[in-house]
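Trainee: Hey, dropping model.txt in here, compact mmCIF, C-alpha atoms and all ligand atoms:
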```txt
# COMPACT_ATOMS: atom_id res chain seq x y z
CA MET A 2 -16.37 -21.52 5.20
CA LEU A 3 -15.49 -24.56 3.14
CA LEU A 4 -15.75 -27.15 5.86
CA PRO A 5 -18.53 -27.80 8.34
CA GLU A 6 -17.54 -26.79 11.85
CA ILE A 7 -17.21 -30.31 13.24
CA THR A 8 -14.70 -31.30 10.56
CA GLN A 9 -12.81 -28.11 11.30
CA ASP A 10 -12.57 -28.93 15.01
CA LYS A 11 -11.22 -32.33 14.09
CA LEU A 12 -8.73 -30.72 11.77
CA VAL A 13 -7.53 -28.39 14.52
CA SER A 14 -6.99 -31.22 17.02
CA GLU A 15 -5.22 -33.22 14.33
CA ILE A 16 -2.86 -30.32 13.70
CA GLU A 17 -2.25 -29.95 17.45
CA LEU A 18 -1.35 -33.62 17.62
CA PHE A 19 1.14 -33.30 14.77
CA ILE A 20 2.65 -30.27 16.50
CA GLU A 21 3.11 -32.32 19.70
CA TYR A 22 4.84 -35.08 17.77
CA GLY A 23 6.81 -33.12 15.25
CA VAL A 24 7.86 -29.76 16.61
CA VAL A 25 10.70 -29.24 19.06
CA GLU A 26 9.36 -28.51 22.50
CA GLU A 27 10.33 -24.85 22.75
CA GLN A 28 8.53 -24.05 19.51
CA ARG A 29 5.24 -25.79 20.29
CA ILE A 30 3.65 -22.79 21.97
CA PRO A 31 4.29 -20.37 19.08
CA ALA A 32 3.08 -23.10 16.70
CA LYS A 33 -0.21 -23.39 18.58
CA GLU A 34 -0.56 -19.63 18.87
CA LEU A 35 -0.43 -19.28 15.12
CA LEU A 36 -2.95 -22.09 14.80
CA GLN A 37 -5.36 -20.17 17.06
CA LYS A 38 -5.29 -17.31 14.60
CA TYR A 39 -6.60 -19.50 11.82
CA LEU A 40 -9.34 -21.57 13.47
CA ASP A 41 -11.90 -20.24 10.99
CA ASN A 42 -9.68 -20.37 7.96
CA PRO A 43 -9.89 -23.75 6.18
CA ILE A 44 -7.19 -22.79 3.67
CA ALA A 45 -4.65 -21.96 6.35
CA LEU A 46 -5.64 -25.04 8.36
CA ALA A 47 -5.09 -27.28 5.33
CA ALA A 48 -1.65 -25.72 4.80
CA LEU A 49 -0.67 -26.11 8.47
CA LEU A 50 -1.87 -29.70 8.61
CA GLU A 51 0.16 -30.59 5.55
CA PHE A 52 3.21 -28.78 6.89
CA TYR A 53 3.22 -30.53 10.26
CA LYS A 54 2.44 -33.88 8.65
CA VAL A 55 5.30 -33.61 6.18
CA LEU A 56 7.73 -31.56 8.31
CA PRO A 57 9.93 -30.53 5.40
CA GLU A 58 13.53 -31.68 5.79
CA ALA A 59 12.50 -33.02 9.21
CA ARG A 60 13.45 -29.66 10.66
CA GLU A 61 10.85 -29.86 13.43
CA GLU A 62 10.20 -26.12 13.26
CA ALA A 63 7.06 -24.15 14.04
CA VAL A 64 5.30 -22.04 11.44
CA ASN A 65 5.22 -18.56 12.92
CA ARG A 66 3.56 -16.66 10.10
CA ILE A 67 1.59 -17.28 6.91
CA GLY A 68 1.96 -14.94 3.95
CA ARG A 69 -0.26 -14.70 0.92
CA ILE A 70 1.57 -15.03 -2.40
CA ASP A 71 -1.30 -15.28 -4.86
CA SER A 72 -4.73 -16.78 -5.41
CA LEU A 73 -6.76 -17.52 -8.47
CA GLN A 74 -10.14 -19.23 -8.73
CA GLY A 75 -9.90 -21.31 -5.62
CA VAL A 76 -6.18 -22.06 -5.86
CA THR A 77 -4.16 -20.29 -3.18
CA LEU A 78 -0.38 -19.94 -2.97
CA LEU A 79 0.95 -19.31 0.50
CA ALA A 80 4.31 -18.79 2.12
CA LEU A 81 4.81 -20.54 5.45
CA TYR A 82 7.51 -18.92 7.53
CA THR A 83 9.49 -20.69 10.21
CA ALA A 84 12.29 -19.08 12.18
CA ASN A 85 14.86 -19.85 9.48
CA HIS A 86 13.03 -20.96 6.36
CA THR A 87 10.15 -20.08 4.04
CA TYR A 88 8.12 -22.72 2.24
CA THR A 89 5.77 -22.35 -0.69
CA VAL A 90 2.45 -24.16 -0.32
CA VAL A 91 -0.44 -24.52 -2.73
CA VAL A 92 -3.96 -25.11 -1.40
CA THR A 93 -6.91 -26.12 -3.50
CA GLU A 94 -10.26 -27.56 -2.39
CA GLY A 95 -9.00 -28.14 1.13
CA GLU A 96 -5.89 -30.02 -0.04
CA ALA A 97 -2.45 -28.57 0.52
CA HIS A 98 0.90 -29.47 -1.00
CA ILE A 99 4.30 -28.20 0.04
CA LEU A 100 6.06 -27.07 -3.12
CA GLY A 101 9.41 -26.71 -1.42
CA GLU A 102 11.56 -23.99 -0.01
CA PHE A 103 10.65 -20.62 -1.44
CA ALA A 104 13.04 -19.46 -4.17
CA LYS A 105 15.50 -22.28 -3.44
CA ASP A 106 13.42 -25.15 -4.83
CA GLU A 107 12.22 -25.00 -8.42
CA THR A 108 8.51 -24.10 -8.66
CA PRO A 109 6.55 -26.79 -10.55
CA ARG A 110 5.77 -25.89 -14.14
CA GLU A 111 2.02 -26.39 -13.70
CA ILE A 112 1.95 -23.84 -10.89
CA LEU A 113 3.92 -21.34 -12.98
CA ASN A 114 1.53 -21.89 -15.88
CA TYR A 115 -1.57 -21.61 -13.72
CA PHE A 116 -0.50 -18.28 -12.27
CA ALA A 117 0.81 -17.11 -15.65
CA HIS A 118 4.51 -16.91 -14.82
CA SER A 119 7.05 -17.47 -17.57
CA SER A 120 9.72 -18.98 -15.34
CA HIS A 121 10.63 -19.85 -11.78
CA GLU A 122 12.93 -16.81 -11.64
CA GLU A 123 10.24 -14.45 -12.91
CA PHE A 124 7.75 -15.86 -10.38
CA ILE A 125 10.17 -15.35 -7.49
CA LYS A 126 10.89 -11.83 -8.66
CA SER A 127 7.16 -11.03 -8.93
CA CYS A 128 6.68 -11.89 -5.25
CA GLY A 129 8.96 -9.07 -4.14
CA PRO A 130 10.84 -9.34 -0.85
CA ILE A 131 9.43 -12.54 0.60
CA ASN A 132 9.38 -11.29 4.15
CA GLU A 133 7.13 -8.41 3.18
CA LEU A 134 4.21 -10.50 1.95
CA LYS A 135 0.86 -9.58 3.41
CA GLU A 136 -0.23 -11.82 6.25
CA PHE A 137 -2.71 -14.34 4.90
CA GLY A 138 -6.37 -14.21 5.92
CA VAL A 139 -6.19 -12.50 9.26
CA LYS A 140 -6.37 -8.95 8.01
CA GLU A 141 -8.13 -9.59 4.73
CA LYS A 142 -11.34 -10.34 6.59
CA ALA A 143 -11.76 -6.72 7.57
CA ALA A 144 -10.35 -5.42 4.31
CA ALA A 145 -12.01 -2.31 3.06
CA CYS A 146 -12.79 -1.20 -0.47
CA PRO A 147 -9.64 0.51 -1.71
CA ALA A 148 -11.71 3.27 -3.27
CA CYS A 149 -14.59 4.13 -0.93
CA GLY A 150 -13.56 2.35 2.26
CA VAL A 151 -16.65 0.22 2.96
CA LEU A 152 -15.98 -3.21 4.45
CA VAL A 153 -16.50 -6.60 2.84
CA GLY A 154 -20.24 -7.29 2.52
CA GLU A 155 -21.23 -3.63 2.67
CA PHE A 156 -22.55 -1.57 -0.20
CA HIS A 157 -20.16 0.84 -1.84
CA LEU A 158 -20.75 4.54 -1.59
CA LEU A 159 -22.64 5.47 -4.73
CA GLY A 160 -20.21 6.45 -7.46
CA CYS A 161 -17.42 4.23 -6.17
CA PRO A 162 -15.38 2.97 -9.16
CA VAL A 163 -15.13 -0.51 -7.63
CA GLU A 164 -18.89 -1.12 -7.49
CA ILE A 165 -20.12 -3.67 -10.00
CA CYS A 166 -23.29 -3.02 -11.96
CA PRO A 167 -26.00 -5.60 -11.17
CA TRP A 168 -27.42 -5.33 -14.69
CA CYS A 169 -24.33 -5.64 -16.88
CA ASP A 170 -21.59 -6.78 -14.44
CA GLY A 171 -19.56 -3.84 -15.61
CA GLN A 172 -18.14 -0.98 -13.63
CA LEU A 173 -21.23 0.81 -12.32
CA CYS A 174 -19.79 4.30 -12.50
CA LYS A 175 -18.85 3.80 -16.14
CA CYS A 176 -21.44 1.57 -17.77
CA ASN A 177 -24.43 2.92 -19.62
CA CYS A 178 -27.08 1.25 -17.50
CA ARG A 179 -28.01 4.40 -15.59
CA PHE A 180 -28.89 6.17 -18.85
CA GLU A 181 -30.72 3.15 -20.20
CA LYS A 182 -32.68 2.52 -17.00
CA LEU A 183 -33.76 6.15 -16.69
CA ASP A 184 -34.11 6.53 -20.45
CA VAL A 185 -32.12 9.76 -20.52
CA GLU A 186 -29.00 11.03 -22.29
CA SER A 187 -27.31 12.34 -19.17
CA LEU A 188 -27.82 12.57 -15.44
CA ASP A 189 -28.25 16.23 -14.57
CA ASP A 190 -29.90 16.50 -11.20
CA ASP A 191 -30.14 14.86 -7.81
CA GLU A 192 -33.66 13.68 -8.53
CA GLN A 193 -32.40 11.48 -11.35
CA VAL A 194 -29.60 10.18 -9.17
CA GLU A 195 -32.13 9.32 -6.48
CA GLU A 196 -34.41 7.67 -8.99
CA PHE A 197 -31.49 5.61 -10.24
CA GLN A 198 -30.53 4.69 -6.71
CA ASP A 199 -34.08 3.40 -6.11
CA LEU A 200 -33.89 1.29 -9.26
CA LEU A 201 -30.51 0.04 -8.12
CA ASP A 202 -31.79 -0.85 -4.66
CA SER A 203 -34.75 -2.78 -6.01
CA LYS A 204 -32.51 -4.62 -8.47
CA GLY A 205 -30.10 -5.44 -5.62
CA ARG A 206 -26.67 -3.85 -5.41
CA VAL A 207 -23.46 -5.87 -5.44
CA PRO A 208 -21.73 -5.49 -2.06
CA TYR A 209 -17.96 -5.18 -1.79
CA ASP A 210 -15.90 -8.33 -1.54
CA SER A 211 -12.15 -8.53 -1.35
CA GLU A 212 -11.86 -9.95 -4.86
CA GLN A 213 -13.07 -6.66 -6.29
CA THR A 214 -10.46 -4.10 -7.17
CA PRO A 215 -10.57 -1.10 -9.45
CA ALA A 216 -9.18 -3.50 -12.05
CA TYR A 217 -11.77 -6.20 -11.40
CA PRO A 218 -11.51 -8.70 -14.25
CA GLY A 219 -13.91 -7.78 -16.98
CA THR A 220 -14.53 -4.26 -15.79
CA SER A 221 -11.51 -2.55 -17.16
CA ASP A 222 -11.97 -3.42 -20.81
CA GLY A 223 -14.80 -2.58 -23.05
CA LEU A 224 -17.07 -1.01 -20.49
CA ASP A 225 -16.23 2.49 -21.37
CA LYS A 226 -17.39 1.86 -24.88
CA LYS A 227 -20.97 2.64 -25.73
CA LYS A 228 -22.99 -0.45 -26.39
ZN ZN B 301 -16.15 1.03 -3.04
ZN ZN B 302 -24.29 -1.61 -16.16
```
Write the structure described by the file as structure tokens, please.
Mentor:
Amino acid sequence: MLLPEITQDKLVSEIELFIEYGVVEEQRIPAKELLQKYLDNPIALAALLEFYKVLPEAREEAVNRIGRIDSLQGVTLLALYTANHTYTVVVTEGEAHILGEFAKDETPREILNYFAHSSHEEFIKSCGPINELKEFGVKEKAAACPACGVLVGEFHLLGCPVEICPWCDGQLCKCNCRFEKLDVESLDDDEQVEEFQDLLDSKGRVPYDSEQTPAYPGTSDGLDKKK
């Protein structure tokens, strides 16, 4: 959590206030229902606060869904859906900015550069059908390792290609650390595997987090090579 709980409570009541003032009456309940989903999510709260403060085009609509477009090193791009519109929002360090209507408004150059997109058109295309974006935050919390199925914070099943080596930060199933640590050329029996597992446990294994994928940055290149 980025914000201490008290600040977060304040944020939530501030958003509720903006909803009361800015959203047409019949949409206030759905607006607050969505808010309830994100009470523990400072990124979503920042985006909602900014949305209801700004009320793009003064449309007085409720946000009924938040989609995740992309995120990179603490900068998150979200899509806020209302009944009839979709807005792109960038959130960084608890600050949100509405970038405009998705696809319709030109994406700022600095955002395109940051997320390595060559043009507004290419960025929009890369998002795929906008209504099919994954719901932000809510499900990611329980996300499981795509390879071995453990949950965030749990240790991978040994041999999982997503597990990161605590010695070299490489891909544990591919790096050479197991041979180096056991001082052998190859791992031939269960005893060696157990011995390695003990070494691994005392070193401290790297549990799964949702940033890790089979193509975790830095694990796909160079780790297959012998050092
Ligand atoms: Zn795994
Ligand atoms: Zn290693």
Trainee: With all atoms listed in the file as the atoms that count, which of A:Thr83, A:Gly205, A:Glu212, A:Leu36 lies nearest to Leu18 of chain A?
Mentor: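 Smallest separation from Leu18 of chain A among the options: A:Leu36.
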Trainee: Any residue with an atom at most 12 Å from ligand ZN 301 (chain B) counts, using all atoms listed in the file. Which are they? Put them as an MDAnalysis selection string.
Mentor: chainID A and resid 144:165 172:174 206:215 217
Trainee: Please check which protein, DNA or RNA residues sit within 9 Å of ligand ZN 302 (chain B), counting only C-alpha atoms and all ligand atoms, and write them as a list in words.
Mentor: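 The neighbouring residues of ligand ZN 302 (chain B) are, in order, Ile165, Cys166, Pro167, Trp168, Cys169, Asp170, Gly171, Gln172, Leu173, Cys174, Lys175, Cys176, Asn177, Cys178, Arg179, Glu181 and Leu224 of chain A.
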Trainee: Mind checking which residues fall within 12 Å of Gln28 of chain A, counting all atoms listed in the file, ignoring those fewer than 6 positions away in the same chain, and posting them as a VMD selection string?
Mentor: chain A and resid 20 to 22 34 to 35 60 to 65 83 to 84
Trainee: May I have the residues from that selection written out with C-alpha atoms, as a compact mmCIF listing (two decimals), keeping the file's coordinate frame?
Mentor:
```
# COMPACT_ATOMS: atom_id res chain seq x y z
CA ILE A 20 2.65 -30.27 16.50
CA GLU A 21 3.11 -32.32 19.70
CA TYR A 22 4.84 -35.08 17.77
CA GLU A 34 -0.56 -19.63 18.87
CA LEU A 35 -0.43 -19.28 15.12
CA ARG A 60 13.45 -29.66 10.66
CA GLU A 61 10.85 -29.86 13.43
CA GLU A 62 10.20 -26.12 13.26
CA ALA A 63 7.06 -24.15 14.04
CA VAL A 64 5.30 -22.04 11.44
CA ASN A 65 5.22 -18.56 12.92
CA THR A 83 9.49 -20.69 10.21
CA ALA A 84 12.29 -19.08 12.18
```
